[in-house]
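S.K.: First, the structure itself, so that you have it in front of you.
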Amino acid sequence: MAVEELLRELFFNPINLVLLSVCGFLVYKIFVGSRRKPDPPRDPPLPKMKKRDFTLQELKEYDGTGPDKRVLVAVNGKVFDVSRGRRFYGPGGPYGVFAGHDASRALATFSLDKDSFKDEYDDLADLDKESLDGVREWEMQFMEKYDYVGKLLKPGEEPTEYSDDESATDTEKKDN
Ligand code: HEM
């Protein structure tokens, strides 16, 4: 009986139905969608970016549609070069909405809704501790997988002057 109730709750509650459809769509995009057409020839990996900080506006230029197709995503105040995860974040990818944006709120709230992306700097001040812990965990995952390029600047914050030979790093050792 408990299983029956669970299934009824899962399939007849509209919120669960919406969540199930979103998950189904993402699984489709990640696994099935990418298999339908043969993989296009891989672009050679991009050279590492010179280290620099970004305003929210500057970040927007790196949405994967520029001449070098570079994709940057900000998570918890840090900007990552996610170009090697193009199948996730590139145009048409399941997480393509993150490209050139601050993905912190979306990751913290596990929502791809357009309300998760603000036009102004988002200080996440309204989020609870659990969501903020969540976004820190995502930040750590991005640190492990992608190159750290620089900071996402708060309004009025001056960009750091990095030395000429500093390029994006796999870890953030130089900042802490
Ligand atoms: C509930 C439905 C969802 C399902 C079934 C799902 C499934 C997956 C799967 C299978 C992967 C790993 C793909 C791989 O490594 O090949 C993945 C990665 C990921 N998902 Fe989801 N996802 C869902 C929802 C979301 C949502 C709502 C978000 C964010 C708001 C999200 C953000 C991510 C991110 C950032 C990655 C990591 C991509 C990377 O490695 O850079 N997912 N997801």
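Here's how to read the names in the structure tokens: chain A, B, ... by the order shown, residue numbers from 1 in each chain, ligand numbers from 1 in the order shown.
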Counting only C-alpha atoms, what is within 8 Å of range 74-91 of chain A, bar same-chain residues fewer than 4 positions away, as an mmCIF file with N, CA and C atoms, in the first residue's frame?

M.R.:
data_model
loop_
_atom_site.group_PDB
_atom_site.id
_atom_site.type_symbol
_atom_site.label_atom_id
_atom_site.label_comp_id
_atom_site.auth_asym_id
_atom_site.auth_seq_id
_atom_site.Cartn_x
_atom_site.Cartn_y
_atom_site.Cartn_z
ATOM 1 N N ILE A 30 21.114 15.212 -21.667
ATOM 2 C CA ILE A 30 22.479 14.769 -21.323
ATOM 3 C C ILE A 30 22.824 13.466 -22.039
ATOM 4 N N PRO A 45 41.596 22.010 -27.334
ATOM 5 C CA PRO A 45 41.366 22.762 -26.102
ATOM 6 C C PRO A 45 41.863 24.197 -26.222
ATOM 7 N N LEU A 46 41.134 25.116 -25.631
ATOM 8 C CA LEU A 46 41.519 26.530 -25.715
ATOM 9 C C LEU A 46 42.723 26.792 -24.809
ATOM 10 N N ASP A 53 39.623 39.552 -13.299
ATOM 11 C CA ASP A 53 38.322 39.597 -12.643
ATOM 12 C C ASP A 53 37.272 40.123 -13.623
ATOM 13 N N PHE A 54 36.016 39.857 -13.325
ATOM 14 C CA PHE A 54 34.930 40.207 -14.251
ATOM 15 C C PHE A 54 33.787 40.906 -13.528
ATOM 16 N N ASP A 63 29.640 33.439 -23.375
ATOM 17 C CA ASP A 63 28.503 32.509 -23.289
ATOM 18 C C ASP A 63 28.632 31.369 -24.300
ATOM 19 N N GLY A 64 29.821 31.227 -24.873
ATOM 20 C CA GLY A 64 30.050 30.112 -25.799
ATOM 21 C C GLY A 64 29.726 30.448 -27.248
ATOM 22 N N THR A 65 29.243 31.674 -27.506
ATOM 23 C CA THR A 65 28.915 32.024 -28.891
ATOM 24 C C THR A 65 29.955 32.971 -29.486
ATOM 25 N N LYS A 69 34.497 30.513 -28.757
ATOM 26 C CA LYS A 69 33.490 29.663 -28.112
ATOM 27 C C LYS A 69 33.778 29.411 -26.634
ATOM 28 N N ARG A 70 34.569 30.288 -26.017
ATOM 29 C CA ARG A 70 34.890 30.061 -24.609
ATOM 30 C C ARG A 70 33.641 30.246 -23.738
ATOM 31 N N TYR A 95 22.707 22.723 -19.392
ATOM 32 C CA TYR A 95 22.937 23.826 -18.454
ATOM 33 C C TYR A 95 23.465 25.060 -19.197
ATOM 34 N N GLY A 96 23.057 25.175 -20.462
ATOM 35 C CA GLY A 96 23.479 26.302 -21.304
ATOM 36 C C GLY A 96 23.058 27.655 -20.722
ATOM 37 N N VAL A 97 22.016 27.679 -19.885
ATOM 38 C CA VAL A 97 21.589 28.963 -19.294
ATOM 39 C C VAL A 97 22.631 29.531 -18.331
ATOM 40 N N PHE A 98 23.557 28.690 -17.876
ATOM 41 C CA PHE A 98 24.601 29.174 -16.957
ATOM 42 C C PHE A 98 25.689 29.967 -17.701
ATOM 43 N N ALA A 99 25.832 29.697 -18.998
ATOM 44 C CA ALA A 99 26.960 30.253 -19.755
ATOM 45 C C ALA A 99 26.974 31.780 -19.695
ATOM 46 N N GLY A 100 28.100 32.342 -19.274
ATOM 47 C CA GLY A 100 28.235 33.798 -19.178
ATOM 48 C C GLY A 100 27.448 34.392 -18.017
ATOM 49 N N HIS A 101 27.005 33.559 -17.092
ATOM 50 C CA HIS A 101 26.187 34.049 -15.978
ATOM 51 C C HIS A 101 26.736 33.616 -14.625
ATOM 52 N N ASP A 102 26.170 34.230 -13.597
ATOM 53 C CA ASP A 102 26.410 33.780 -12.232
ATOM 54 C C ASP A 102 25.388 32.682 -11.943
ATOM 55 N N ALA A 103 25.873 31.447 -11.793
ATOM 56 C CA ALA A 103 24.967 30.299 -11.625
ATOM 57 C C ALA A 103 24.680 30.001 -10.154
ATOM 58 N N SER A 104 25.173 30.855 -9.243
ATOM 59 C CA SER A 104 25.093 30.534 -7.806
ATOM 60 C C SER A 104 23.669 30.267 -7.324
ATOM 61 N N VAL A 135 25.681 25.826 -2.328
ATOM 62 C CA VAL A 135 26.432 26.548 -3.364
ATOM 63 C C VAL A 135 27.941 26.446 -3.100
ATOM 64 N N ARG A 136 28.324 26.362 -1.830
ATOM 65 C CA ARG A 136 29.763 26.181 -1.524
ATOM 66 C C ARG A 136 30.249 24.808 -2.000
ATOM 67 N N TRP A 138 29.005 23.184 -4.573
ATOM 68 C CA TRP A 138 29.154 23.295 -6.028
ATOM 69 C C TRP A 138 30.455 23.998 -6.381
ATOM 70 N N GLU A 139 30.755 25.053 -5.604
ATOM 71 C CA GLU A 139 32.006 25.797 -5.857
ATOM 72 C C GLU A 139 33.201 24.842 -5.774
ATOM 73 N N PHE A 142 33.390 22.681 -8.843
ATOM 74 C CA PHE A 142 33.917 23.425 -9.994
ATOM 75 C C PHE A 142 35.426 23.628 -9.850
ATOM 76 N N MET A 143 35.884 23.867 -8.607
ATOM 77 C CA MET A 143 37.327 24.042 -8.374
ATOM 78 C C MET A 143 38.094 22.788 -8.786
ATOM 79 N N TYR A 146 37.307 22.458 -13.079
ATOM 80 C CA TYR A 146 37.547 23.499 -14.080
ATOM 81 C C TYR A 146 38.629 24.489 -13.637
ATOM 82 N N ASP A 147 39.101 25.293 -14.612
ATOM 83 C CA ASP A 147 40.112 26.306 -14.295
ATOM 84 C C ASP A 147 39.459 27.525 -13.650
ATOM 85 N N TYR A 148 40.071 27.980 -12.576
ATOM 86 C CA TYR A 148 39.624 29.207 -11.909
ATOM 87 C C TYR A 148 40.263 30.391 -12.619
ATOM 88 N N VAL A 149 39.441 31.352 -13.083
ATOM 89 C CA VAL A 149 39.987 32.456 -13.878
ATOM 90 C C VAL A 149 40.152 33.736 -13.060
ATOM 91 N N GLY A 150 39.213 34.025 -12.183
ATOM 92 C CA GLY A 150 39.295 35.250 -11.381
ATOM 93 C C GLY A 150 38.007 35.435 -10.598
ATOM 94 N N LYS A 151 37.866 36.624 -10.015
ATOM 95 C CA LYS A 151 36.690 36.876 -9.165
ATOM 96 C C LYS A 151 35.543 37.484 -9.968
ATOM 97 N N LEU A 152 34.326 37.279 -9.493
ATOM 98 C CA LEU A 152 33.187 38.033 -10.001
ATOM 99 C C LEU A 152 33.116 39.278 -9.121
ATOM 100 N N LEU A 153 33.220 40.468 -9.763
ATOM 101 C CA LEU A 153 33.327 41.699 -8.979
ATOM 102 C C LEU A 153 31.984 42.153 -8.429
#

S.K.: Give me the residues near Leu20 in chain A as a CSV table (one decimal) with C-alpha atoms, in the first residue's frame, where near means some atom within 10 Å (using only C-alpha atoms) and where sequence neighbours in that chain fewer than 6 positions away do not count.

M.R.:
chain,number,residue,atom,x,y,z
A,10,LEU,CA,4.6,11.2,-7.2
A,11,PHE,CA,2.4,11.2,-10.3
A,14,PRO,CA,1.5,18.8,-9.8
A,26,LEU,CA,17.6,17.0,-18.5

S.K.: Please, which residues have at least one atom within 6 Å of an atom of ligand 1, using only C-alpha atoms and all ligand atoms, listed as JSON, numbers by chain?

M.R.: {"A": [22, 23, 26, 27, 85, 88, 106, 107, 110, 111, 112]}

S.K.: Restricting the output to N, CA, C and O atoms, write the selected residues as an mmCIF file, in the first residue's frame.

M.R.:
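Okay, selection_24.cif is ready:
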data_model
loop_
_atom_site.group_PDB
_atom_site.id
_atom_site.type_symbol
_atom_site.label_atom_id
_atom_site.label_comp_id
_atom_site.auth_asym_id
_atom_site.auth_seq_id
_atom_site.Cartn_x
_atom_site.Cartn_y
_atom_site.Cartn_z
ATOM 1 N N VAL A 22 11.067 18.081 -15.627
ATOM 2 C CA VAL A 22 12.357 18.785 -15.763
ATOM 3 C C VAL A 22 13.493 17.768 -15.761
ATOM 4 O O VAL A 22 14.388 17.795 -16.611
ATOM 5 N N CYS A 23 13.436 16.815 -14.796
ATOM 6 C CA CYS A 23 14.507 15.801 -14.703
ATOM 7 C C CYS A 23 14.548 14.962 -15.978
ATOM 8 O O CYS A 23 15.622 14.698 -16.521
ATOM 9 N N LEU A 26 16.184 16.875 -18.698
ATOM 10 C CA LEU A 26 17.642 16.983 -18.537
ATOM 11 C C LEU A 26 18.335 15.668 -18.858
ATOM 12 O O LEU A 26 19.371 15.647 -19.527
ATOM 13 N N VAL A 27 17.765 14.565 -18.399
ATOM 14 C CA VAL A 27 18.363 13.254 -18.704
ATOM 15 C C VAL A 27 18.379 13.054 -20.214
ATOM 16 O O VAL A 27 19.377 12.612 -20.795
ATOM 17 N N GLY A 85 33.662 21.648 -20.500
ATOM 18 C CA GLY A 85 32.353 21.047 -20.216
ATOM 19 C C GLY A 85 31.298 21.592 -21.162
ATOM 20 O O GLY A 85 30.141 21.762 -20.791
ATOM 21 N N PHE A 88 27.766 20.376 -21.528
ATOM 22 C CA PHE A 88 26.806 20.789 -20.498
ATOM 23 C C PHE A 88 26.396 22.248 -20.663
ATOM 24 O O PHE A 88 25.233 22.593 -20.567
ATOM 25 N N ALA A 106 20.952 29.554 -9.029
ATOM 26 C CA ALA A 106 20.363 28.379 -9.690
ATOM 27 C C ALA A 106 20.859 27.095 -9.024
ATOM 28 O O ALA A 106 20.089 26.185 -8.731
ATOM 29 N N LEU A 107 22.166 27.041 -8.749
ATOM 30 C CA LEU A 107 22.735 25.844 -8.127
ATOM 31 C C LEU A 107 22.273 25.711 -6.677
ATOM 32 O O LEU A 107 21.965 24.611 -6.220
ATOM 33 N N PHE A 110 18.659 24.675 -6.878
ATOM 34 C CA PHE A 110 18.438 23.571 -7.801
ATOM 35 C C PHE A 110 17.321 23.916 -8.789
ATOM 36 O O PHE A 110 16.386 23.149 -9.018
ATOM 37 N N SER A 111 17.433 25.097 -9.372
ATOM 38 C CA SER A 111 16.396 25.549 -10.298
ATOM 39 C C SER A 111 17.028 26.200 -11.523
ATOM 40 O O SER A 111 17.940 27.018 -11.397
ATOM 41 N N LEU A 112 16.526 25.841 -12.688
ATOM 42 C CA LEU A 112 17.042 26.442 -13.923
ATOM 43 C C LEU A 112 16.130 27.565 -14.413
ATOM 44 O O LEU A 112 16.268 28.046 -15.524
#

S.K.: Env of Gly156 in chain A: 12 Å cut, atoms = only C-alpha atoms, seq-sep filter 5 positions within chain, self excluded. Answer as a list in words.

M.R.: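 Here the answer would be Phe54, Thr55, Leu56 and Tyr121 of chain A.
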
S.K.: With only C-alpha atoms as the counted atoms, please give the residues lying no more than 8 Å from Lys50 in chain A, apart from itself and same-chain residues fewer than 6 positions off, as a list in words.

M.R.: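 Counting only C-alpha atoms, the residues come to Val149, Asp164, Asp165, Glu166, Ser167 and Ala168 of chain A.
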
S.K.: Per DSSP on the backbone, filter range 86-159 of chain A down to the residues in alpha helix (DSSP H) and report them as JSON, numbers by chain.

M.R.: {"A": [86, 87, 88, 89, 104, 105, 106, 107, 108, 109, 129, 130, 131, 132, 133, 134, 135, 136, 137, 138, 139, 140, 141, 142, 143, 144, 145]}

S.K.: Would you save the residues from that selection as an mmCIF file, in the first residue's frame, using N, CA, C and O atoms?

M.R.:
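Result file follows (again_38.cif):
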data_model
loop_
_atom_site.group_PDB
_atom_site.id
_atom_site.type_symbol
_atom_site.label_atom_id
_atom_site.label_comp_id
_atom_site.auth_asym_id
_atom_site.auth_seq_id
_atom_site.Cartn_x
_atom_site.Cartn_y
_atom_site.Cartn_z
ATOM 1 N N ARG A 86 31.738 21.860 -22.395
ATOM 2 C CA ARG A 86 30.875 22.479 -23.393
ATOM 3 C C ARG A 86 29.567 21.720 -23.628
ATOM 4 O O ARG A 86 28.522 22.294 -23.890
ATOM 5 N N ARG A 87 29.618 20.385 -23.506
ATOM 6 C CA ARG A 87 28.394 19.627 -23.768
ATOM 7 C C ARG A 87 27.336 19.896 -22.690
ATOM 8 O O ARG A 87 26.156 19.694 -22.900
ATOM 9 N N PHE A 88 27.766 20.376 -21.528
ATOM 10 C CA PHE A 88 26.806 20.789 -20.498
ATOM 11 C C PHE A 88 26.396 22.248 -20.663
ATOM 12 O O PHE A 88 25.233 22.593 -20.567
ATOM 13 N N TYR A 89 27.434 23.114 -20.862
ATOM 14 C CA TYR A 89 27.197 24.553 -20.741
ATOM 15 C C TYR A 89 27.174 25.289 -22.073
ATOM 16 O O TYR A 89 26.881 26.480 -22.113
ATOM 17 N N SER A 104 25.173 30.855 -9.243
ATOM 18 C CA SER A 104 25.093 30.534 -7.806
ATOM 19 C C SER A 104 23.669 30.267 -7.324
ATOM 20 O O SER A 104 23.405 29.260 -6.665
ATOM 21 N N ARG A 105 22.751 31.181 -7.637
ATOM 22 C CA ARG A 105 21.384 31.024 -7.128
ATOM 23 C C ARG A 105 20.726 29.782 -7.724
ATOM 24 O O ARG A 105 20.045 29.024 -7.031
ATOM 25 N N ALA A 106 20.952 29.554 -9.029
ATOM 26 C CA ALA A 106 20.363 28.379 -9.690
ATOM 27 C C ALA A 106 20.859 27.095 -9.024
ATOM 28 O O ALA A 106 20.089 26.185 -8.731
ATOM 29 N N LEU A 107 22.166 27.041 -8.749
ATOM 30 C CA LEU A 107 22.735 25.844 -8.127
ATOM 31 C C LEU A 107 22.273 25.711 -6.677
ATOM 32 O O LEU A 107 21.965 24.611 -6.220
ATOM 33 N N ALA A 108 22.206 26.837 -5.970
ATOM 34 C CA ALA A 108 21.797 26.799 -4.562
ATOM 35 C C ALA A 108 20.356 26.321 -4.427
ATOM 36 O O ALA A 108 20.013 25.622 -3.480
ATOM 37 N N THR A 109 19.506 26.702 -5.371
ATOM 38 C CA THR A 109 18.079 26.384 -5.249
ATOM 39 C C THR A 109 17.679 25.233 -6.169
ATOM 40 O O THR A 109 16.501 24.887 -6.248
ATOM 41 N N LYS A 129 20.773 28.810 5.217
ATOM 42 C CA LYS A 129 22.103 28.220 5.397
ATOM 43 C C LYS A 129 22.288 26.987 4.508
ATOM 44 O O LYS A 129 23.343 26.785 3.909
ATOM 45 N N GLU A 130 21.228 26.187 4.422
ATOM 46 C CA GLU A 130 21.322 24.948 3.637
ATOM 47 C C GLU A 130 21.660 25.252 2.168
ATOM 48 O O GLU A 130 22.530 24.627 1.566
ATOM 49 N N SER A 131 20.974 26.265 1.614
ATOM 50 C CA SER A 131 21.230 26.628 0.212
ATOM 51 C C SER A 131 22.640 27.181 0.054
ATOM 52 O O SER A 131 23.322 26.896 -0.939
ATOM 53 N N LEU A 132 23.069 27.992 1.041
ATOM 54 C CA LEU A 132 24.417 28.572 0.946
ATOM 55 C C LEU A 132 25.493 27.482 1.067
ATOM 56 O O LEU A 132 26.506 27.522 0.371
ATOM 57 N N ASP A 133 25.228 26.480 1.934
ATOM 58 C CA ASP A 133 26.168 25.348 2.015
ATOM 59 C C ASP A 133 26.208 24.617 0.679
ATOM 60 O O ASP A 133 27.251 24.188 0.208
ATOM 61 N N GLY A 134 25.021 24.490 0.069
ATOM 62 C CA GLY A 134 24.921 23.805 -1.232
ATOM 63 C C GLY A 134 25.771 24.500 -2.284
ATOM 64 O O GLY A 134 26.507 23.855 -3.031
ATOM 65 N N VAL A 135 25.681 25.826 -2.328
ATOM 66 C CA VAL A 135 26.432 26.548 -3.364
ATOM 67 C C VAL A 135 27.941 26.446 -3.100
ATOM 68 O O VAL A 135 28.742 26.379 -4.047
ATOM 69 N N ARG A 136 28.324 26.362 -1.830
ATOM 70 C CA ARG A 136 29.763 26.181 -1.524
ATOM 71 C C ARG A 136 30.249 24.808 -2.000
ATOM 72 O O ARG A 136 31.358 24.659 -2.471
ATOM 73 N N GLU A 137 29.372 23.808 -1.865
ATOM 74 C CA GLU A 137 29.759 22.472 -2.360
ATOM 75 C C GLU A 137 29.927 22.472 -3.876
ATOM 76 O O GLU A 137 30.860 21.881 -4.411
ATOM 77 N N TRP A 138 29.005 23.184 -4.573
ATOM 78 C CA TRP A 138 29.154 23.295 -6.028
ATOM 79 C C TRP A 138 30.455 23.998 -6.381
ATOM 80 O O TRP A 138 31.155 23.601 -7.299
ATOM 81 N N GLU A 139 30.755 25.053 -5.604
ATOM 82 C CA GLU A 139 32.006 25.797 -5.857
ATOM 83 C C GLU A 139 33.201 24.842 -5.774
ATOM 84 O O GLU A 139 34.086 24.862 -6.632
ATOM 85 N N MET A 140 33.184 23.967 -4.760
ATOM 86 C CA MET A 140 34.303 23.020 -4.612
ATOM 87 C C MET A 140 34.366 22.060 -5.803
ATOM 88 O O MET A 140 35.438 21.737 -6.298
ATOM 89 N N GLN A 141 33.198 21.619 -6.263
ATOM 90 C CA GLN A 141 33.188 20.716 -7.439
ATOM 91 C C GLN A 141 33.763 21.413 -8.662
ATOM 92 O O GLN A 141 34.508 20.822 -9.437
ATOM 93 N N PHE A 142 33.390 22.681 -8.843
ATOM 94 C CA PHE A 142 33.917 23.425 -9.994
ATOM 95 C C PHE A 142 35.426 23.628 -9.850
ATOM 96 O O PHE A 142 36.164 23.569 -10.825
ATOM 97 N N MET A 143 35.884 23.867 -8.607
ATOM 98 C CA MET A 143 37.327 24.042 -8.374
ATOM 99 C C MET A 143 38.094 22.788 -8.786
ATOM 100 O O MET A 143 39.196 22.861 -9.291
ATOM 101 N N GLU A 144 37.477 21.627 -8.517
ATOM 102 C CA GLU A 144 38.166 20.367 -8.844
ATOM 103 C C GLU A 144 38.197 20.117 -10.346
ATOM 104 O O GLU A 144 39.136 19.569 -10.878
ATOM 105 N N LYS A 145 37.127 20.522 -11.015
ATOM 106 C CA LYS A 145 36.993 20.116 -12.421
ATOM 107 C C LYS A 145 37.445 21.165 -13.440
ATOM 108 O O LYS A 145 37.912 20.818 -14.516
#

S.K.: Can you tell me, as a ChimeraX atom specification, which residues in chain A count as strand (DSSP E or B) by DSSP?

M.R.: /A:50,54,63,71-75,78-81,102,147-152,167,169
